[in-house]
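One file, final.cif, carrying mmCIF, N, CA and C atoms:
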```cif
data_entry
#
loop_
_atom_site.label_atom_id
_atom_site.label_comp_id
_atom_site.auth_asym_id
_atom_site.auth_seq_id
_atom_site.Cartn_x
_atom_site.Cartn_y
_atom_site.Cartn_z
N LYS A 1 -3.22 -10.57 -13.81
CA LYS A 1 -1.82 -10.85 -14.10
C LYS A 1 -1.06 -9.59 -14.52
N ARG A 2 -1.77 -8.68 -15.24
CA ARG A 2 -1.08 -7.50 -15.77
C ARG A 2 -2.08 -6.36 -15.97
N ILE A 3 -1.65 -5.13 -15.61
CA ILE A 3 -2.44 -3.92 -15.83
C ILE A 3 -1.52 -2.87 -16.45
N VAL A 4 -1.86 -2.41 -17.65
CA VAL A 4 -1.08 -1.38 -18.33
C VAL A 4 -2.03 -0.41 -19.03
N ARG A 5 -1.52 0.75 -19.41
CA ARG A 5 -2.30 1.70 -20.18
C ARG A 5 -2.12 1.35 -21.65
N ALA A 6 -3.21 1.14 -22.36
CA ALA A 6 -3.18 0.81 -23.79
C ALA A 6 -2.94 2.06 -24.62
N ALA A 7 -2.64 1.87 -25.88
CA ALA A 7 -2.36 2.98 -26.80
C ALA A 7 -3.54 3.94 -26.91
N ASP A 8 -4.77 3.41 -26.75
CA ASP A 8 -5.96 4.27 -26.87
C ASP A 8 -6.30 4.98 -25.55
N GLY A 9 -5.45 4.82 -24.52
CA GLY A 9 -5.67 5.50 -23.24
C GLY A 9 -6.45 4.69 -22.23
N ARG A 10 -7.10 3.61 -22.68
CA ARG A 10 -7.84 2.77 -21.75
C ARG A 10 -6.88 1.86 -21.00
N LEU A 11 -7.38 1.20 -19.97
CA LEU A 11 -6.57 0.26 -19.20
C LEU A 11 -6.70 -1.13 -19.79
N ALA A 12 -5.58 -1.76 -20.05
CA ALA A 12 -5.56 -3.13 -20.57
C ALA A 12 -5.28 -4.07 -19.41
N VAL A 13 -6.24 -4.94 -19.11
CA VAL A 13 -6.13 -5.88 -18.01
C VAL A 13 -6.01 -7.29 -18.58
N THR A 14 -4.92 -7.96 -18.24
CA THR A 14 -4.68 -9.33 -18.70
C THR A 14 -4.86 -10.26 -17.52
N ASP A 15 -5.70 -11.29 -17.68
CA ASP A 15 -5.94 -12.23 -16.59
C ASP A 15 -4.93 -13.38 -16.63
N THR A 16 -5.07 -14.30 -15.71
CA THR A 16 -4.15 -15.43 -15.57
C THR A 16 -4.09 -16.29 -16.83
N TRP A 17 -5.16 -16.35 -17.58
CA TRP A 17 -5.23 -17.21 -18.77
C TRP A 17 -4.75 -16.49 -20.03
N GLY A 18 -4.32 -15.24 -19.89
CA GLY A 18 -3.78 -14.51 -21.03
C GLY A 18 -4.80 -13.69 -21.81
N ASP A 19 -6.04 -13.67 -21.36
CA ASP A 19 -7.07 -12.87 -22.03
C ASP A 19 -6.91 -11.41 -21.61
N THR A 20 -6.89 -10.50 -22.58
CA THR A 20 -6.75 -9.07 -22.30
C THR A 20 -8.02 -8.35 -22.70
N ARG A 21 -8.52 -7.52 -21.77
CA ARG A 21 -9.69 -6.70 -22.03
C ARG A 21 -9.34 -5.26 -21.70
N HIS A 22 -10.01 -4.33 -22.39
CA HIS A 22 -9.74 -2.90 -22.21
C HIS A 22 -10.91 -2.22 -21.51
N TYR A 23 -10.57 -1.32 -20.56
CA TYR A 23 -11.59 -0.62 -19.78
C TYR A 23 -11.22 0.86 -19.67
N ALA A 24 -12.24 1.70 -19.56
CA ALA A 24 -12.03 3.14 -19.37
C ALA A 24 -11.53 3.43 -17.96
N ALA A 25 -11.96 2.62 -17.00
CA ALA A 25 -11.56 2.78 -15.60
C ALA A 25 -11.46 1.40 -14.96
N LEU A 26 -10.76 1.33 -13.85
CA LEU A 26 -10.56 0.05 -13.18
C LEU A 26 -10.62 0.25 -11.67
N LEU A 27 -11.37 -0.58 -11.00
CA LEU A 27 -11.42 -0.58 -9.55
C LEU A 27 -10.82 -1.91 -9.09
N ALA A 28 -9.63 -1.86 -8.51
CA ALA A 28 -8.96 -3.07 -8.05
C ALA A 28 -9.33 -3.31 -6.59
N THR A 29 -9.89 -4.48 -6.30
CA THR A 29 -10.31 -4.79 -4.93
C THR A 29 -9.44 -5.87 -4.31
N CYS A 30 -8.29 -6.12 -4.91
CA CYS A 30 -7.38 -7.13 -4.37
C CYS A 30 -6.59 -6.54 -3.19
N GLN A 31 -5.89 -7.40 -2.47
CA GLN A 31 -5.02 -6.93 -1.41
C GLN A 31 -3.92 -6.08 -2.04
N THR A 32 -3.52 -5.02 -1.36
CA THR A 32 -2.56 -4.08 -1.94
C THR A 32 -1.22 -4.73 -2.27
N TRP A 33 -0.80 -5.71 -1.50
CA TRP A 33 0.50 -6.34 -1.78
C TRP A 33 0.50 -7.06 -3.12
N LEU A 34 -0.66 -7.45 -3.62
CA LEU A 34 -0.72 -8.08 -4.94
C LEU A 34 -0.30 -7.11 -6.04
N LEU A 35 -0.65 -5.83 -5.88
CA LEU A 35 -0.29 -4.83 -6.90
C LEU A 35 1.22 -4.60 -6.96
N THR A 36 1.93 -4.89 -5.88
CA THR A 36 3.38 -4.67 -5.87
C THR A 36 4.18 -5.95 -6.05
N THR A 37 3.55 -7.11 -5.89
CA THR A 37 4.33 -8.36 -5.95
C THR A 37 3.84 -9.37 -6.98
N GLN A 38 2.55 -9.43 -7.25
CA GLN A 38 2.02 -10.50 -8.08
C GLN A 38 1.42 -10.04 -9.40
N ILE A 39 0.99 -8.80 -9.46
CA ILE A 39 0.38 -8.27 -10.68
C ILE A 39 1.37 -7.31 -11.34
N GLU A 40 1.66 -7.53 -12.60
CA GLU A 40 2.56 -6.63 -13.33
C GLU A 40 1.80 -5.34 -13.62
N CYS A 41 2.19 -4.27 -12.95
CA CYS A 41 1.51 -2.98 -13.11
C CYS A 41 2.45 -1.98 -13.75
N GLU A 42 1.94 -1.25 -14.70
CA GLU A 42 2.73 -0.18 -15.30
C GLU A 42 2.99 0.88 -14.23
N GLU A 43 4.23 1.29 -14.08
CA GLU A 43 4.61 2.21 -13.01
C GLU A 43 3.87 3.54 -13.08
N SER A 44 3.57 4.02 -14.27
CA SER A 44 2.91 5.33 -14.41
C SER A 44 1.44 5.31 -14.01
N LEU A 45 0.88 4.16 -13.67
CA LEU A 45 -0.53 4.09 -13.28
C LEU A 45 -0.78 4.77 -11.93
N PHE A 46 0.22 4.76 -11.06
CA PHE A 46 0.08 5.36 -9.74
C PHE A 46 1.20 6.37 -9.52
N SER A 47 0.94 7.33 -8.64
CA SER A 47 1.96 8.32 -8.30
C SER A 47 3.07 7.64 -7.50
N GLN A 48 4.23 8.30 -7.44
CA GLN A 48 5.35 7.75 -6.67
C GLN A 48 4.99 7.61 -5.20
N LYS A 49 4.24 8.58 -4.67
CA LYS A 49 3.82 8.51 -3.26
C LYS A 49 2.92 7.31 -3.00
N LEU A 50 2.02 7.02 -3.94
CA LEU A 50 1.13 5.87 -3.76
C LEU A 50 1.91 4.56 -3.86
N TRP A 51 2.84 4.46 -4.81
CA TRP A 51 3.67 3.25 -4.91
C TRP A 51 4.44 3.03 -3.61
N MET A 52 4.98 4.12 -3.02
CA MET A 52 5.73 4.00 -1.78
C MET A 52 4.81 3.51 -0.66
N ALA A 53 3.60 4.05 -0.60
CA ALA A 53 2.64 3.62 0.43
C ALA A 53 2.28 2.15 0.25
N LEU A 54 2.05 1.73 -1.00
CA LEU A 54 1.72 0.32 -1.26
C LEU A 54 2.87 -0.58 -0.85
N ASP A 55 4.09 -0.14 -1.12
CA ASP A 55 5.26 -0.95 -0.83
C ASP A 55 5.56 -1.02 0.65
N ARG A 56 5.26 0.05 1.38
CA ARG A 56 5.62 0.12 2.80
C ARG A 56 4.56 -0.45 3.73
N THR A 57 3.38 -0.69 3.26
CA THR A 57 2.31 -1.20 4.12
C THR A 57 2.16 -2.70 3.93
N ARG A 58 2.20 -3.42 5.02
CA ARG A 58 2.05 -4.88 4.99
C ARG A 58 1.03 -5.30 6.04
N TYR A 59 0.22 -6.24 5.71
CA TYR A 59 -0.76 -6.77 6.64
C TYR A 59 -0.36 -8.20 7.02
N MET A 60 -0.37 -8.50 8.31
CA MET A 60 -0.06 -9.85 8.77
C MET A 60 -1.24 -10.33 9.60
N GLN A 61 -1.76 -11.49 9.27
CA GLN A 61 -2.94 -12.05 9.89
C GLN A 61 -4.07 -11.03 9.80
N SER A 62 -4.85 -10.86 10.86
CA SER A 62 -6.00 -9.98 10.71
C SER A 62 -5.87 -8.65 11.44
N SER A 63 -4.87 -8.48 12.29
CA SER A 63 -4.88 -7.28 13.11
C SER A 63 -3.57 -6.52 13.18
N LYS A 64 -2.53 -6.98 12.53
CA LYS A 64 -1.25 -6.29 12.64
C LYS A 64 -0.95 -5.54 11.35
N THR A 65 -0.59 -4.29 11.49
CA THR A 65 -0.21 -3.48 10.34
C THR A 65 1.22 -3.00 10.57
N PHE A 66 2.08 -3.23 9.58
CA PHE A 66 3.47 -2.80 9.66
C PHE A 66 3.71 -1.76 8.59
N VAL A 67 4.30 -0.65 8.97
CA VAL A 67 4.60 0.42 8.03
C VAL A 67 6.05 0.85 8.23
N MET A 68 6.84 0.78 7.15
CA MET A 68 8.21 1.26 7.21
C MET A 68 8.19 2.79 7.11
N VAL A 69 8.98 3.43 7.97
CA VAL A 69 9.01 4.90 7.99
C VAL A 69 10.42 5.39 7.71
N ASP A 70 10.52 6.67 7.40
CA ASP A 70 11.82 7.26 7.06
C ASP A 70 12.73 7.48 8.27
N ARG A 71 12.12 7.71 9.44
CA ARG A 71 12.92 7.98 10.64
C ARG A 71 12.11 7.56 11.86
N PRO A 72 12.77 7.34 12.99
CA PRO A 72 12.05 6.92 14.21
C PRO A 72 11.37 8.10 14.91
N PHE A 73 10.25 8.55 14.34
CA PHE A 73 9.55 9.73 14.85
C PHE A 73 9.03 9.54 16.27
N TRP A 74 8.88 8.32 16.73
CA TRP A 74 8.36 8.05 18.06
C TRP A 74 9.39 8.41 19.15
N LYS A 75 10.62 8.70 18.76
CA LYS A 75 11.64 9.11 19.72
C LYS A 75 11.76 10.63 19.85
N ASP A 76 10.95 11.38 19.09
CA ASP A 76 10.99 12.84 19.13
C ASP A 76 10.70 13.35 20.54
N LYS A 77 11.41 14.41 20.93
CA LYS A 77 11.22 15.04 22.24
C LYS A 77 10.63 16.43 22.05
N ASP A 78 9.77 16.82 22.97
CA ASP A 78 9.22 18.17 22.97
C ASP A 78 10.34 19.11 23.41
N PRO A 79 10.70 20.12 22.60
CA PRO A 79 11.82 20.99 22.96
C PRO A 79 11.59 21.82 24.23
N GLN A 80 10.33 22.08 24.58
CA GLN A 80 10.05 22.89 25.78
C GLN A 80 10.07 22.07 27.05
N THR A 81 9.57 20.81 26.98
CA THR A 81 9.47 20.01 28.20
C THR A 81 10.53 18.92 28.28
N GLY A 82 11.10 18.54 27.14
CA GLY A 82 12.07 17.44 27.14
C GLY A 82 11.42 16.07 27.20
N ARG A 83 10.08 16.05 27.22
CA ARG A 83 9.35 14.78 27.29
C ARG A 83 9.10 14.24 25.89
N ASP A 84 8.80 12.95 25.83
CA ASP A 84 8.44 12.33 24.55
C ASP A 84 7.20 13.02 23.99
N THR A 85 7.17 13.25 22.67
CA THR A 85 6.00 13.88 22.06
C THR A 85 4.88 12.87 21.82
N LEU A 86 5.23 11.61 21.77
CA LEU A 86 4.23 10.56 21.54
C LEU A 86 4.16 9.62 22.73
N SER A 87 3.00 9.00 22.90
CA SER A 87 2.85 7.94 23.89
C SER A 87 2.22 6.74 23.18
N MET A 88 1.98 5.70 23.90
CA MET A 88 1.50 4.48 23.26
C MET A 88 0.36 3.88 24.07
N THR A 89 -0.59 3.30 23.35
CA THR A 89 -1.68 2.57 23.97
C THR A 89 -1.69 1.18 23.39
N LEU A 90 -1.62 0.19 24.24
CA LEU A 90 -1.70 -1.19 23.79
C LEU A 90 -3.12 -1.69 23.98
N THR A 91 -3.65 -2.37 22.97
CA THR A 91 -5.01 -2.87 23.05
C THR A 91 -5.15 -4.16 22.25
N ASP A 92 -6.11 -4.96 22.62
CA ASP A 92 -6.39 -6.16 21.82
C ASP A 92 -7.67 -5.96 21.02
N ARG A 93 -8.19 -4.73 21.01
CA ARG A 93 -9.37 -4.41 20.21
C ARG A 93 -8.96 -3.96 18.82
N LEU A 94 -9.91 -3.96 17.90
CA LEU A 94 -9.63 -3.53 16.54
C LEU A 94 -9.24 -2.06 16.51
N THR A 95 -8.27 -1.74 15.69
CA THR A 95 -7.90 -0.34 15.54
C THR A 95 -8.92 0.37 14.68
N ARG A 96 -9.04 1.68 14.83
CA ARG A 96 -10.02 2.44 14.06
C ARG A 96 -9.32 3.43 13.18
#
```

Would you kindly transcribe this structure into structure tokens?
Amino acid sequence: KRIVRAADGRLAVTDTWGDTRHYAALLATCQTWLLTTQIECEESLFSQKLWMALDRTRYMQSSKTFVMVDRPFWKDKDPQTGRDTLSMTLTDRLTR
């Protein structure tokens, strides 16, 4: 339910029932969207870049990944050839 840094420097983890325990380190194995939407996390626990990555990455069903980007980099042109710098491969296999 909640993850914050306690006064003694350890991590204070509060569960759904309101029980709080303190740990020197924490390994969160939940889906990343839970850290940004369902679990109250102290902002200073992660860097700004990591928060942005957590916020911009979404998983839908089992095989689709959506990532919001700053600009449409896929439209970039090679200045020497005038051709697209990127191409695309469509597949129904798992991405690696």

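Atom N of Ser47 (chain A) is positioned 20.6 Å from atom C of Asp70 (chain A).
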
Among chain A, which residues does DSSP mark as strand (DSSP E) when it is run on the backbone? Keep the chain and numbering as in the structure and answer as a PyMOL selection string. chain A and resi 2-5+11-14+20-23+40-41+57-60+64-67

Keeping only N, CA and C atoms, write the selected residues to a file as a CSV table (one decimal), in the frame of the given file.
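Saved file selection.csv follows:
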```
chain,number,residue,atom,x,y,z
A,2,ARG,N,-1.8,-8.7,-15.2
A,2,ARG,CA,-1.1,-7.5,-15.8
A,2,ARG,C,-2.1,-6.4,-16.0
A,3,ILE,N,-1.6,-5.1,-15.6
A,3,ILE,CA,-2.4,-3.9,-15.8
A,3,ILE,C,-1.5,-2.9,-16.4
A,4,VAL,N,-1.9,-2.4,-17.6
A,4,VAL,CA,-1.1,-1.4,-18.3
A,4,VAL,C,-2.0,-0.4,-19.0
A,5,ARG,N,-1.5,0.8,-19.4
A,5,ARG,CA,-2.3,1.7,-20.2
A,5,ARG,C,-2.1,1.4,-21.6
A,11,LEU,N,-7.4,1.2,-20.0
A,11,LEU,CA,-6.6,0.3,-19.2
A,11,LEU,C,-6.7,-1.1,-19.8
A,12,ALA,N,-5.6,-1.8,-20.0
A,12,ALA,CA,-5.6,-3.1,-20.6
A,12,ALA,C,-5.3,-4.1,-19.4
A,13,VAL,N,-6.2,-4.9,-19.1
A,13,VAL,CA,-6.1,-5.9,-18.0
A,13,VAL,C,-6.0,-7.3,-18.6
A,14,THR,N,-4.9,-8.0,-18.2
A,14,THR,CA,-4.7,-9.3,-18.7
A,14,THR,C,-4.9,-10.3,-17.5
A,20,THR,N,-6.9,-10.5,-22.6
A,20,THR,CA,-6.8,-9.1,-22.3
A,20,THR,C,-8.0,-8.4,-22.7
A,21,ARG,N,-8.5,-7.5,-21.8
A,21,ARG,CA,-9.7,-6.7,-22.0
A,21,ARG,C,-9.3,-5.3,-21.7
A,22,HIS,N,-10.0,-4.3,-22.4
A,22,HIS,CA,-9.7,-2.9,-22.2
A,22,HIS,C,-10.9,-2.2,-21.5
A,23,TYR,N,-10.6,-1.3,-20.6
A,23,TYR,CA,-11.6,-0.6,-19.8
A,23,TYR,C,-11.2,0.9,-19.7
A,40,GLU,N,1.7,-7.5,-12.6
A,40,GLU,CA,2.6,-6.6,-13.3
A,40,GLU,C,1.8,-5.3,-13.6
A,41,CYS,N,2.2,-4.3,-13.0
A,41,CYS,CA,1.5,-3.0,-13.1
A,41,CYS,C,2.4,-2.0,-13.8
A,57,THR,N,3.4,-0.7,3.3
A,57,THR,CA,2.3,-1.2,4.1
A,57,THR,C,2.2,-2.7,3.9
A,58,ARG,N,2.2,-3.4,5.0
A,58,ARG,CA,2.0,-4.9,5.0
A,58,ARG,C,1.0,-5.3,6.0
A,59,TYR,N,0.2,-6.2,5.7
A,59,TYR,CA,-0.8,-6.8,6.6
A,59,TYR,C,-0.4,-8.2,7.0
A,60,MET,N,-0.4,-8.5,8.3
A,60,MET,CA,-0.1,-9.8,8.8
A,60,MET,C,-1.2,-10.3,9.6
A,64,LYS,N,-2.5,-7.0,12.5
A,64,LYS,CA,-1.2,-6.3,12.6
A,64,LYS,C,-1.0,-5.5,11.4
A,65,THR,N,-0.6,-4.3,11.5
A,65,THR,CA,-0.2,-3.5,10.3
A,65,THR,C,1.2,-3.0,10.6
A,66,PHE,N,2.1,-3.2,9.6
A,66,PHE,CA,3.5,-2.8,9.7
A,66,PHE,C,3.7,-1.8,8.6
A,67,VAL,N,4.3,-0.6,9.0
A,67,VAL,CA,4.6,0.4,8.0
A,67,VAL,C,6.0,0.8,8.2
```

List as a count of residues only the protein and nucleic acid residues near Leu11 (chain A), meaning an atom at most 8 Å away when all atoms listed in the file are counted, but skip any in the same chain fewer than 2 places from it. 17

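Taking CA of Gln48 (chain A) and CA of Phe73 (chain A) as the two end points, the separation is 22.0 Å.
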
Hey, can you check how far atom C of Phe46 (chain A) sits from CA of Trp17 (chain A)?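 One can read the atom C of Phe46 (chain A) to CA of Trp17 (chain A) distance as 26.1 Å.
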
Using all atoms listed in the file, which residue out of A:Gly18, A:Thr29, A:Arg56, A:Ile39 lies closest to Lys1 (chain A)?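 Between A:Gly18, A:Thr29, A:Arg56, A:Ile39, the residue approaching Lys1 (chain A) most closely is A:Ile39.
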
Counting only N, CA and C atoms, figure out which residue out of A:Glu40, A:Cys30, A:Asp55, A:Gln80 gets nearest to Met68 (chain A).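 Distance minimum relative to Met68 (chain A) lands on A:Asp55.
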
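Using only N, CA and C atoms for every distance, the candidate list A:Gly82, A:Thr57, A:Leu45, A:Thr16 yields A:Thr57 as the residue closest to Trp33 (chain A).
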
All alpha helix (DSSP H) residues (DSSP, backbone) inside region 1-95 of chain A, as a PyMOL selection string: chain A and resi 32-37+48-56

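Of the listed residues (A:Leu35, A:Ala12, A:Leu86, A:Lys75), A:Leu35 comes nearest to Leu54 (chain A); the distances count only C-alpha atoms.
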
Can you save region 29-69 of chain A of the given block to a file, including N, CA and C atoms and formatted as a short mmCIF file (atom, residue, chain, number, x, y, z; two decimals), in the first residue's frame?
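Once written, out-v2.cif looks like this:
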```
data_model
loop_
_atom_site.label_atom_id
_atom_site.label_comp_id
_atom_site.auth_asym_id
_atom_site.auth_seq_id
_atom_site.Cartn_x
_atom_site.Cartn_y
_atom_site.Cartn_z
N THR A 29 8.59 -6.90 -6.72
CA THR A 29 8.38 -7.78 -7.87
C THR A 29 6.99 -7.61 -8.48
N CYS A 30 6.33 -6.53 -8.13
CA CYS A 30 5.00 -6.27 -8.67
C CYS A 30 5.12 -5.69 -10.09
N GLN A 31 4.00 -5.61 -10.78
CA GLN A 31 3.99 -4.97 -12.08
C GLN A 31 4.34 -3.49 -11.90
N THR A 32 5.08 -2.93 -12.83
CA THR A 32 5.58 -1.57 -12.67
C THR A 32 4.46 -0.54 -12.55
N TRP A 33 3.34 -0.77 -13.21
CA TRP A 33 2.25 0.21 -13.13
C TRP A 33 1.69 0.33 -11.72
N LEU A 34 1.85 -0.70 -10.90
CA LEU A 34 1.40 -0.61 -9.51
C LEU A 34 2.18 0.44 -8.74
N LEU A 35 3.48 0.58 -9.04
CA LEU A 35 4.31 1.57 -8.33
C LEU A 35 3.89 3.00 -8.66
N THR A 36 3.25 3.20 -9.81
CA THR A 36 2.85 4.56 -10.20
C THR A 36 1.37 4.83 -9.98
N THR A 37 0.57 3.78 -9.77
CA THR A 37 -0.88 4.00 -9.67
C THR A 37 -1.52 3.48 -8.39
N GLN A 38 -1.03 2.41 -7.82
CA GLN A 38 -1.71 1.77 -6.71
C GLN A 38 -0.95 1.80 -5.39
N ILE A 39 0.36 1.92 -5.46
CA ILE A 39 1.18 1.93 -4.25
C ILE A 39 1.68 3.36 -4.02
N GLU A 40 1.45 3.89 -2.85
CA GLU A 40 1.94 5.23 -2.53
C GLU A 40 3.45 5.14 -2.30
N CYS A 41 4.21 5.70 -3.23
CA CYS A 41 5.67 5.64 -3.15
C CYS A 41 6.23 7.04 -2.95
N GLU A 42 7.18 7.14 -2.06
CA GLU A 42 7.86 8.41 -1.86
C GLU A 42 8.63 8.74 -3.13
N GLU A 43 8.48 9.94 -3.64
CA GLU A 43 9.07 10.32 -4.92
C GLU A 43 10.59 10.19 -4.92
N SER A 44 11.24 10.45 -3.80
CA SER A 44 12.71 10.42 -3.76
C SER A 44 13.28 9.00 -3.79
N LEU A 45 12.45 7.97 -3.77
CA LEU A 45 12.94 6.60 -3.80
C LEU A 45 13.57 6.25 -5.15
N PHE A 46 13.08 6.87 -6.22
CA PHE A 46 13.59 6.60 -7.56
C PHE A 46 14.02 7.90 -8.21
N SER A 47 14.94 7.79 -9.16
CA SER A 47 15.38 8.97 -9.91
C SER A 47 14.24 9.46 -10.81
N GLN A 48 14.36 10.71 -11.25
CA GLN A 48 13.34 11.26 -12.15
C GLN A 48 13.26 10.47 -13.45
N LYS A 49 14.41 10.02 -13.96
CA LYS A 49 14.43 9.23 -15.20
C LYS A 49 13.69 7.90 -15.01
N LEU A 50 13.87 7.27 -13.85
CA LEU A 50 13.19 6.00 -13.60
C LEU A 50 11.69 6.21 -13.45
N TRP A 51 11.27 7.26 -12.75
CA TRP A 51 9.84 7.56 -12.63
C TRP A 51 9.23 7.77 -14.01
N MET A 52 9.95 8.49 -14.89
CA MET A 52 9.43 8.75 -16.24
C MET A 52 9.30 7.44 -17.00
N ALA A 53 10.28 6.56 -16.87
CA ALA A 53 10.22 5.27 -17.55
C ALA A 53 9.06 4.43 -17.03
N LEU A 54 8.86 4.43 -15.70
CA LEU A 54 7.74 3.68 -15.12
C LEU A 54 6.41 4.23 -15.62
N ASP A 55 6.32 5.54 -15.72
CA ASP A 55 5.08 6.18 -16.13
C ASP A 55 4.78 5.99 -17.60
N ARG A 56 5.83 5.92 -18.42
CA ARG A 56 5.64 5.86 -19.87
C ARG A 56 5.50 4.44 -20.42
N THR A 57 5.81 3.45 -19.64
CA THR A 57 5.74 2.07 -20.12
C THR A 57 4.45 1.42 -19.64
N ARG A 58 3.70 0.87 -20.55
CA ARG A 58 2.45 0.19 -20.22
C ARG A 58 2.42 -1.17 -20.91
N TYR A 59 1.92 -2.15 -20.23
CA TYR A 59 1.78 -3.48 -20.80
C TYR A 59 0.30 -3.78 -20.99
N MET A 60 -0.06 -4.28 -22.17
CA MET A 60 -1.44 -4.65 -22.44
C MET A 60 -1.45 -6.11 -22.87
N GLN A 61 -2.26 -6.91 -22.22
CA GLN A 61 -2.32 -8.34 -22.44
C GLN A 61 -0.92 -8.92 -22.27
N SER A 62 -0.51 -9.84 -23.13
CA SER A 62 0.77 -10.48 -22.88
C SER A 62 1.87 -10.07 -23.85
N SER A 63 1.55 -9.36 -24.93
CA SER A 63 2.59 -9.15 -25.92
C SER A 63 2.72 -7.73 -26.44
N LYS A 64 1.92 -6.81 -25.98
CA LYS A 64 2.00 -5.45 -26.50
C LYS A 64 2.65 -4.54 -25.48
N THR A 65 3.62 -3.78 -25.92
CA THR A 65 4.28 -2.80 -25.06
C THR A 65 4.10 -1.43 -25.70
N PHE A 66 3.60 -0.48 -24.92
CA PHE A 66 3.40 0.88 -25.39
C PHE A 66 4.33 1.80 -24.61
N VAL A 67 5.06 2.63 -25.33
CA VAL A 67 5.97 3.57 -24.69
C VAL A 67 5.74 4.95 -25.29
N MET A 68 5.43 5.93 -24.44
CA MET A 68 5.28 7.30 -24.90
C MET A 68 6.68 7.90 -25.08
N VAL A 69 6.88 8.59 -26.20
CA VAL A 69 8.19 9.17 -26.49
C VAL A 69 8.07 10.68 -26.65
#
```
